[in-house]
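Worksheet: the structure to be examined is printed underneath.
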6 protein chains.
Amino acid sequence: MLPPLLDAIIDRALAEDLGSGDVTSEAVVGSETRAVARAVAKQPLVSAGAEVFARVFYRVDAGVRVERLVEDGVSVAAGAVLWVAEGRARTLLAAERTALNFAQRLCGIATLTARFVAAIPAGSSLRIVDTRKTTPGLRALERAAVRAGGGRNHRDNLGTAILIKDNHVALAGGIAPAIAQARSRATHVTRVEVEVDTLAQLDEALAAGAEVVLLDNFTNPEVEEAVRRTRGRALVEVSGGVTLERIPELARLGADIVSVGALTHSARAADISLQIEPLA
Amino acid sequence: MLPPLLDAIIDRALAEDLGSGDVTSEAVVGSETRAVARAVAKQPLVSAGAEVFARVFYRVDAGVRVERLVEDGVSVAAGAVLWVAEGRARTLLAAERTALNFAQRLCGIATLTARFVAAIPAGSSLRIVDTRKTTPGLRALERAAVRAGGGRNHRDNLGTAILIKDNHVALAGGIAPAIAQARSRATHVTRVEVEVDTLAQLDEALAAGAEVVLLDNFTNPEVEEAVRRTRGRALVEVSGGVTLERIPELARLGADIVSVGALTHSARAADISLQIEPLA
Amino acid sequence: MLPPLLDAIIDRALAEDLGSGDVTSEAVVGSETRAVARAVAKQPLVSAGAEVFARVFYRVDAGVRVERLVEDGVSVAAGAVLWVAEGRARTLLAAERTALNFAQRLCGIATLTARFVAAIPAGSSLRIVDTRKTTPGLRALERAAVRAGGGRNHRDNLGTAILIKDNHVALAGGIAPAIAQARSRATHVTRVEVEVDTLAQLDEALAAGAEVVLLDNFTNPEVEEAVRRTRGRALVEVSGGVTLERIPELARLGADIVSVGALTHSARAADISLQIEPLA
Amino acid sequence: MLPPLLDAIIDRALAEDLGSGDVTSEAVVGSETRAVARAVAKQPLVSAGAEVFARVFYRVDAGVRVERLVEDGVSVAAGAVLWVAEGRARTLLAAERTALNFAQRLCGIATLTARFVAAIPAGSSLRIVDTRKTTPGLRALERAAVRAGGGRNHRDNLGTAILIKDNHVALAGGIAPAIAQARSRATHVTRVEVEVDTLAQLDEALAAGAEVVLLDNFTNPEVEEAVRRTRGRALVEVSGGVTLERIPELARLGADIVSVGALTHSARAADISLQIEPLA
Amino acid sequence: MLPPLLDAIIDRALAEDLGSGDVTSEAVVGSETRAVARAVAKQPLVSAGAEVFARVFYRVDAGVRVERLVEDGVSVAAGAVLWVAEGRARTLLAAERTALNFAQRLCGIATLTARFVAAIPAGSSLRIVDTRKTTPGLRALERAAVRAGGGRNHRDNLGTAILIKDNHVALAGGIAPAIAQARSRATHVTRVEVEVDTLAQLDEALAAGAEVVLLDNFTNPEVEEAVRRTRGRALVEVSGGVTLERIPELARLGADIVSVGALTHSARAADISLQIEPLA
Amino acid sequence: MLPPLLDAIIDRALAEDLGSGDVTSEAVVGSETRAVARAVAKQPLVSAGAEVFARVFYRVDAGVRVERLVEDGVSVAAGAVLWVAEGRARTLLAAERTALNFAQRLCGIATLTARFVAAIPAGSSLRIVDTRKTTPGLRALERAAVRAGGGRNHRDNLGTAILIKDNHVALAGGIAPAIAQARSRATHVTRVEVEVDTLAQLDEALAAGAEVVLLDNFTNPEVEEAVRRTRGRALVEVSGGVTLERIPELARLGADIVSVGALTHSARAADISLQIEPLA
């Protein structure tokens, strides 16, 4: 992520917590006391957010040094030390909560994504992708966390790809006109994706030249039939509250993509603690 | 929340999703077509975030009208219509995802908080409070969602209250000097809170004049003994991965406050959908 | 364009010119004097930028009323009145230069684009598209101006589509591996475009599955041969200092797209003046 | 230009192009691959924008080193290498377009300005100055580019100098009252300039104490007569679509200043390319 | 002042005080209770800041109505009601302190300025002007307050006028070369001002064509001699800790301008209170 | 103060003064000339603002080196050199005024505060505290300056502590209900403070459990009686135009706290000059 954009996100988070300073540490800790802080995984997790973790400390105090023992995308056991910060004790205490708030969320997303990815049978080319159901203000970071977990990204935003949904179809007067109109506005480097609710709609979308079809809330047998009808003419994306348990079967049925909103909107924060130790 | 500050948060979220427009809707939907959008609870939930939901639409298009059928803090059944937006169809489609991303998170937090609050036995004055483990950039909104769920807030940030933790004690050379030093910097309208890991530390903190004691990872019997020793000289806050199941017993034992990080860092998004219908 | 994002651009422009007020008008013009200002085309042009023109006045003074006599994308003769603002004379004088600076640039782009589009022979499906060679800070506005002129947009930015250039090929060790690697990172809604400098590279790109090929600095005979070899397997984009004069021939040869950097980086400002008249 | 203000302009430009990363380069180029990038003039030009070119790279990646072979204001032949950046290949590819978009515009302005300046006969003290017809958001950069080309700046904005135009005269009830009122509000370090459309107005302005007169759309004979009547009592500025061809004659006639809006609103982008070469 | 720029200043001030809400009023005052708030002068003062006072309330709550009973620049007795705000009681309480912090400072500046202006003998054309010694972030507001008090402004900033000080002279190698060099960079609408410490320097500056001379820390007899030597060839500005008591004599001696840093850096806040009364 | 937040304040101040450069210095001073600048106290003062003074120079030019000879909170005699900056002469001249505008205000506040603190008799625990009557935009800096002068801070803003004023009491229907309602919304780490205008109100507040009482405009005998009635049940804060002369008596009477708005709203700027000397 572009450093000034990342810093802008971090600065806002720091302002929430440190806008009026850290009264306790300023009172209790000597200004020159130095310490080391180790970010320790308290559960098995997939690492993500190393860059943002480090820059939180730098923005509070450019004199902190952060070492990354674990790169993003690596799976670690409970007890693993992920990253180590060394600098003034006041800085480490002041930045602790903000750094962890970022890291715990991003590792949580990477870890959940990795569980979905691990459920894909060997040999399958099924992809797990995210959605636009991200935390307001943190989309770029959360998309990177999904990649760290082995997932892939869906379109970044409403301006950069075409996804025709049921409302669009209704307002355009049918799937075929909707596709035609969308093509007239989209760039020539964008594929046209169409959401379908039934097999009949699928047929219509394929006939009209959809390059990706999104099967919304299809059962497994419906997915099977949809893949059969598509015959490789379009990529098949399955969506709608898909659970971990369905992944192997969806892969077996030949879906190309499963998109999972829960990766970003409902991942539990990973349990990470910061162990701070004064330096002599 | 102060309107310009709320708008700043919303604008950043909108920029993520709409910075390059909404190519699909611009192509497919007539610029003057009007529609109505109903936010429907797909699960039982406690409502929160009405203001931010409404302002998302206003920021996209000042001509949208949003009606709030349910105020924040109200518990509704699945199927309830929370809020209704009416305006240009393009606007509703463009703002939909951002508005829901805010609303689902905030309702999720309010709903989880309400479950903790509901677990408090009648007659108990136990309070459920949040922590600083909030989503970077969304603290004020999430704190309001906790209140909507019936919870209470802990200190807003590091600058506005004293909470002496184990690291502070170690660096200050003991609990008593830490309290004295903290007092010397804090405002006179702030109470001093001290985190303790053992009953021995509790005794020390009380002797040194702590006004609030935070029992970190105490078992129920330890909490009971801590309350006994405190004898009303300080407020007793229990913290450390407290589950819903422990709430009734902690209330019975006489704890004053239970703080729960999961309220904000691990609440699942509430399931809310936006049903859009064209207007004739 | 999202109103808060548009306003942010306008506010920065206004701050450049009006950050210290308008000393002359404040001294010379009565604060309650009202006037009407007509934006008049001093040359034939294609209109663009109506929204930004109007909002410049609104940001200076919410009491101004702006009427749009000509919508974006309309071709007008010299002498046509495009837009009319009415309000306090001080406001009109203060906002005049900033409003015109936007409007003249955007109409200039639309007008130049329309000349390229007009050069396409009837019946051809050739598209004129822009590039990323836009004015820093004004990309979204300039892309809209290209559309107003009848052109189409290329990818919005580096994050939302794949365009493999010669440097990428060199660094990836060939066209085929470059395409494979790009696919592994891109979203599934993005086509892969490859820039080629020779017919041999074209063959390689097509063999590796390129969905769009960009012919860089090809002569007309080379374009003809490239179209022949492509046989509809990919879209053919021609680029590299293409002049107006080549458009008909490129259309005849079967190119799908011509991208023209000059649309945004070298369009002359359209000549528009603001005629201000006091109201009795 | 003040570094934080320059960085703010650059960051906004980068956000337009890199806000979602550079998908192609991230996929295709190794994160540690290093390269060198040479900015080469593809046409004779006057250099400008070295500082902004360099800082674009720094903002993307503080590890890039940029060397300036040519300082601003120097005239170079086609083929000259202006500036050289060395660093991670991904950074160079990501920053390339933004850096060039700035540099091409600024060199274009400097080059056009230099042509006007070169048209001034030896021994003349005529100055070529810019106007407020600058690109919204880039005024300070464009004014510096004019200076790099040997031109001079007019007033920076509406708050810092007095320029009484025809509308002001009409609203103030005449030139003399307009000057008197303007003086009453202006600082004592500002000269009063008055725009005149006729020789009669010129006489009036001079009689009322104008220190600079702007001759708007005067023919050469009218300019000659105006200079004669002014007799050194005021500086004489000529304006209104002045072409390069008129400069020598205007100088000979004794005009002090010629202001040219086209310097900033209609300069063609200078042709500069970035040649990137991997480092072993 | 441009509304978006004024709002940006106000929003930052509000964020300082209301970023976490107004806990007391939210708890104690009903959300629909309405009230009226009267800003009352507790001392004789010259009014300033009406616009910023009103907009503070609007930014908190667009539903507040503010009436201005006294325009800026009017002198009022103790007890006068300046402005009246009516709206929700919570809003009035929340905005009170921020609105008063602005108003008290600006009225304080206007009041002090008016005392200096009142000390000018009838018939004198002496002007009292401010300096760049303004509060960081509030320059435009404070300059307007000086004007409200009957004072005039000096140059706005370092970019818009020439003021050659002793350090410049030393570094340029004398007054004459400094003036020549400054002229080569300044716009042609700017006068050149030179600070002098002695009568000898004054002679030098006048000989070199200074248009304004700043007499720094001159005694009254030195001012008298300086005015005599200047003989109208330049404006004479007196500066350096000038007290109210010296104004009549400086006017008598023929100084044109006295600049007073204390107007903005050391004015006492005017005593204004906000009297809030619930509405039935 | 958090560096990015401090830089944001500084950048805005610099933009006011240097947004268009420093025309005089750019014209007159060689770009490579180096100099040293000494900030000299021209009066006895208590130092404050060292960090902001230094960073002003860094933001203009990262190559400046600033040495702090005097730390914040130290009392110095007239003539003392506080801080020394060394770097390019142009930078020092450009940053001078902004750096001094901050430093003079902050040292002024620290110096005035120190006079109040010095008036406290030996052995008294009376504290001098600030109020929310700070300069808009500079609250955090001014609060730090109060601490540098030996004062203490009151609550930071309206969101972080409870202070029930007369209006709240009126709107809540009495002191007791107001306290109860405030408690229901406040965090458990906040004390409840109540402003009282009479001894009767004091009794009521104490009976209702106020932890801090603010005696508004009490005479010394009233303060004496209030302290007697309070008997240590609450902290006693005295407020309302308290002058330096009353401090010893208020300390003797047993007040715990005196809050003084004038510390921040009416401190005179300390007299500090910057002596710049070229380096060979």
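Ligands are numbered from 1 in the order shown, chains are lettered A, B, ... in the order of the structure tokens, and residues start at 1 in each chain.
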
Identify, on the basis of only C-alpha atoms, every residue whose closest approach to segment 94-100 of chain E does not exceed 8 Å; exclude the query and any residue fewer than 2 positions from it along the same chain; express the result as a CSV table (one decimal) with N, CA and C atoms, in the first residue's frame.
chain,number,residue,atom,x,y,z
E,13,ALA,N,-11.6,23.0,15.5
E,13,ALA,CA,-11.8,23.5,16.9
E,13,ALA,C,-12.9,22.7,17.5
E,14,LEU,N,-13.9,22.4,16.8
E,14,LEU,CA,-15.0,21.5,17.4
E,14,LEU,C,-14.4,20.2,17.7
E,17,ASP,N,-12.9,19.9,21.1
E,17,ASP,CA,-13.8,19.9,22.3
E,17,ASP,C,-14.9,18.9,22.3
E,18,LEU,N,-15.3,18.5,21.1
E,18,LEU,CA,-16.5,17.7,21.0
E,18,LEU,C,-16.3,16.4,20.2
E,22,ASP,N,-20.5,15.4,24.1
E,22,ASP,CA,-20.7,16.2,25.3
E,22,ASP,C,-21.4,15.4,26.3
E,25,SER,N,-24.1,17.0,28.7
E,25,SER,CA,-25.4,17.5,28.1
E,25,SER,C,-26.2,16.3,27.6
E,52,VAL,N,-18.1,33.6,12.0
E,52,VAL,CA,-17.6,32.4,12.6
E,52,VAL,C,-18.4,31.9,13.8
E,53,PHE,N,-18.9,32.9,14.6
E,53,PHE,CA,-19.8,32.5,15.7
E,53,PHE,C,-21.0,31.7,15.2
E,54,ALA,N,-21.6,32.3,14.2
E,54,ALA,CA,-22.8,31.6,13.7
E,54,ALA,C,-22.5,30.2,13.1
E,56,VAL,N,-20.2,28.1,13.8
E,56,VAL,CA,-19.8,27.1,14.8
E,56,VAL,C,-21.1,26.4,15.2
E,57,PHE,N,-22.2,27.1,15.4
E,57,PHE,CA,-23.5,26.4,15.8
E,57,PHE,C,-24.0,25.6,14.6
E,60,VAL,N,-22.3,22.2,14.2
E,60,VAL,CA,-22.8,21.2,15.2
E,60,VAL,C,-24.1,20.7,14.9
E,90,ARG,N,-29.1,21.0,23.7
E,90,ARG,CA,-27.9,20.3,23.7
E,90,ARG,C,-26.9,20.9,22.7
E,91,THR,N,-27.4,21.3,21.6
E,91,THR,CA,-26.5,22.0,20.6
E,91,THR,C,-25.9,23.2,21.1
E,92,LEU,N,-26.7,24.0,21.8
E,92,LEU,CA,-26.2,25.3,22.3
E,92,LEU,C,-25.2,25.1,23.3
E,102,PHE,N,-13.7,31.6,19.8
E,102,PHE,CA,-13.4,32.4,18.6
E,102,PHE,C,-13.8,33.9,18.8
E,103,ALA,N,-15.0,34.1,19.3
E,103,ALA,CA,-15.6,35.4,19.4
E,103,ALA,C,-14.8,36.3,20.3
E,104,GLN,N,-14.4,35.8,21.5
E,104,GLN,CA,-13.7,36.6,22.5
E,104,GLN,C,-12.4,37.0,21.9
E,272,ILE,N,-17.2,38.1,27.0
E,272,ILE,CA,-18.5,37.9,26.4
E,272,ILE,C,-19.0,36.6,27.1
E,273,SER,N,-20.3,36.6,27.4
E,273,SER,CA,-20.9,35.4,28.0
E,273,SER,C,-22.1,35.0,27.2
E,274,LEU,N,-22.4,33.7,27.3
E,274,LEU,CA,-23.5,33.2,26.6
E,274,LEU,C,-24.6,32.9,27.6
F,132,ARG,N,-11.1,25.3,29.4
F,132,ARG,CA,-11.3,25.0,28.0
F,132,ARG,C,-11.3,26.3,27.1
F,133,LYS,N,-10.9,27.4,27.7
F,133,LYS,CA,-10.8,28.7,27.0
F,133,LYS,C,-9.5,28.8,26.3
F,136,PRO,N,-8.6,28.3,19.5
F,136,PRO,CA,-9.1,27.2,18.6
F,136,PRO,C,-8.0,26.6,17.7
F,158,LEU,N,-15.3,18.1,26.2
F,158,LEU,CA,-16.6,17.8,26.7
F,158,LEU,C,-17.0,16.4,26.8

Near-Ser259 of chain B list (6 Å; only C-alpha atoms; drop same-chain fewer than 6 positions) as an MDAnalysis selection string: chainID B and resid 128:130 239

Selection file, N, CA, C and O atoms, as a PDB file, in the first residue's frame:
ATOM      1  N   ILE B 128     -21.835  -3.808  31.853  1.00  0.00           N
ATOM      2  CA  ILE B 128     -20.994  -4.347  30.777  1.00  0.00           C
ATOM      3  C   ILE B 128     -20.360  -3.155  30.062  1.00  0.00           C
ATOM      4  O   ILE B 128     -21.077  -2.266  29.598  1.00  0.00           O
ATOM      5  N   VAL B 129     -19.050  -3.123  29.970  1.00  0.00           N
ATOM      6  CA  VAL B 129     -18.404  -1.985  29.297  1.00  0.00           C
ATOM      7  C   VAL B 129     -17.474  -2.478  28.182  1.00  0.00           C
ATOM      8  O   VAL B 129     -17.019  -3.625  28.173  1.00  0.00           O
ATOM      9  N   ASP B 130     -17.227  -1.572  27.257  1.00  0.00           N
ATOM     10  CA  ASP B 130     -16.346  -1.892  26.137  1.00  0.00           C
ATOM     11  C   ASP B 130     -14.893  -1.658  26.532  1.00  0.00           C
ATOM     12  O   ASP B 130     -14.587  -1.377  27.691  1.00  0.00           O
ATOM     13  N   SER B 239     -11.994  -8.394  34.031  1.00  0.00           N
ATOM     14  CA  SER B 239     -11.644  -8.375  32.611  1.00  0.00           C
ATOM     15  C   SER B 239     -10.849  -9.615  32.239  1.00  0.00           C
ATOM     16  O   SER B 239     -10.347 -10.323  33.101  1.00  0.00           O
TER      17      SER B 239
END

Å distance separating atom CA of Pro248 of chain E from atom CA of Glu204 of chain E, one decimal place: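 So the two atoms, atom CA of Pro248 of chain E and atom CA of Glu204 of chain E, lie 28.2 Å apart.
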
Close residues, Ile257 of chain D itself excluded, 10 Å, only C-alpha atoms, min 3 positions apart in chain, as a ChimeraX atom specification: /D:125-129,152,154,212-214,235-239,250-251,254,260 /E:188

Backbone DSSP call of alpha helix (DSSP H) for segment 119-213 of chain B, listed as a ChimeraX atom specification: /B:139-148,166-172,175-185,199-207

File dump, residues just selected, C-alpha atoms, as a JSON list (two decimals), in the first residue's frame:
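Output (out-v5.json):
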[["chain", "number", "residue", "atom", "x", "y", "z"],
["B", 139, "ARG", "CA", -14.10, 4.13, 17.71],
["B", 140, "ALA", "CA", -16.76, 6.77, 18.30],
["B", 141, "LEU", "CA", -19.30, 4.86, 16.23],
["B", 142, "GLU", "CA", -18.56, 1.57, 17.93],
["B", 143, "ARG", "CA", -18.77, 3.11, 21.39],
["B", 144, "ALA", "CA", -22.19, 4.46, 20.50],
["B", 145, "ALA", "CA", -23.22, 1.00, 19.29],
["B", 146, "VAL", "CA", -22.20, -0.47, 22.63],
["B", 147, "ARG", "CA", -24.43, 2.08, 24.35],
["B", 148, "ALA", "CA", -27.25, 1.22, 21.94],
["B", 166, "ASP", "CA", 1.55, -4.30, 35.02],
["B", 167, "ASN", "CA", 4.14, -2.70, 32.75],
["B", 168, "HIS", "CA", 3.56, 0.66, 34.39],
["B", 169, "VAL", "CA", 3.95, -0.86, 37.83],
["B", 170, "ALA", "CA", 7.19, -2.56, 36.83],
["B", 171, "LEU", "CA", 8.60, 0.63, 35.33],
["B", 172, "ALA", "CA", 7.47, 2.84, 38.22],
["B", 175, "ILE", "CA", 2.00, 0.13, 42.69],
["B", 176, "ALA", "CA", 2.15, 2.92, 45.25],
["B", 177, "PRO", "CA", 4.70, 5.06, 43.39],
["B", 178, "ALA", "CA", 2.85, 4.43, 40.13],
["B", 179, "ILE", "CA", -0.38, 5.75, 41.61],
["B", 180, "ALA", "CA", 1.34, 8.77, 43.10],
["B", 181, "GLN", "CA", 3.03, 9.63, 39.84],
["B", 182, "ALA", "CA", -0.14, 9.14, 37.83],
["B", 183, "ARG", "CA", -2.04, 11.44, 40.16],
["B", 184, "SER", "CA", 0.58, 14.12, 39.61],
["B", 185, "ARG", "CA", -0.21, 14.26, 35.90],
["B", 199, "LEU", "CA", -4.92, -10.67, 45.46],
["B", 200, "ALA", "CA", -1.68, -9.42, 46.94],
["B", 201, "GLN", "CA", -1.49, -6.75, 44.28],
["B", 202, "LEU", "CA", -5.09, -5.91, 45.00],
["B", 203, "ASP", "CA", -4.27, -5.24, 48.63],
["B", 204, "GLU", "CA", -1.42, -3.05, 47.60],
["B", 205, "ALA", "CA", -3.53, -1.07, 45.16],
["B", 206, "LEU", "CA", -6.29, -0.50, 47.69],
["B", 207, "ALA", "CA", -3.81, 0.60, 50.30]]

Proximal residues of chain E relative to chain C (only C-alpha atoms; 7 Å) as a VMD selection string: chain E and resid 1 to 4 140

Using C-alpha atoms, can you export the residues from the last selection as a tab-separated table (two decimals), in the first residue's frame?
chain	number	residue	atom	x	y	z
E	1	MET	CA	-13.73	34.18	4.18
E	2	LEU	CA	-14.43	31.28	1.82
E	3	PRO	CA	-17.03	29.08	3.56
E	4	PRO	CA	-15.20	25.75	3.13
E	140	ALA	CA	-7.37	35.33	7.95
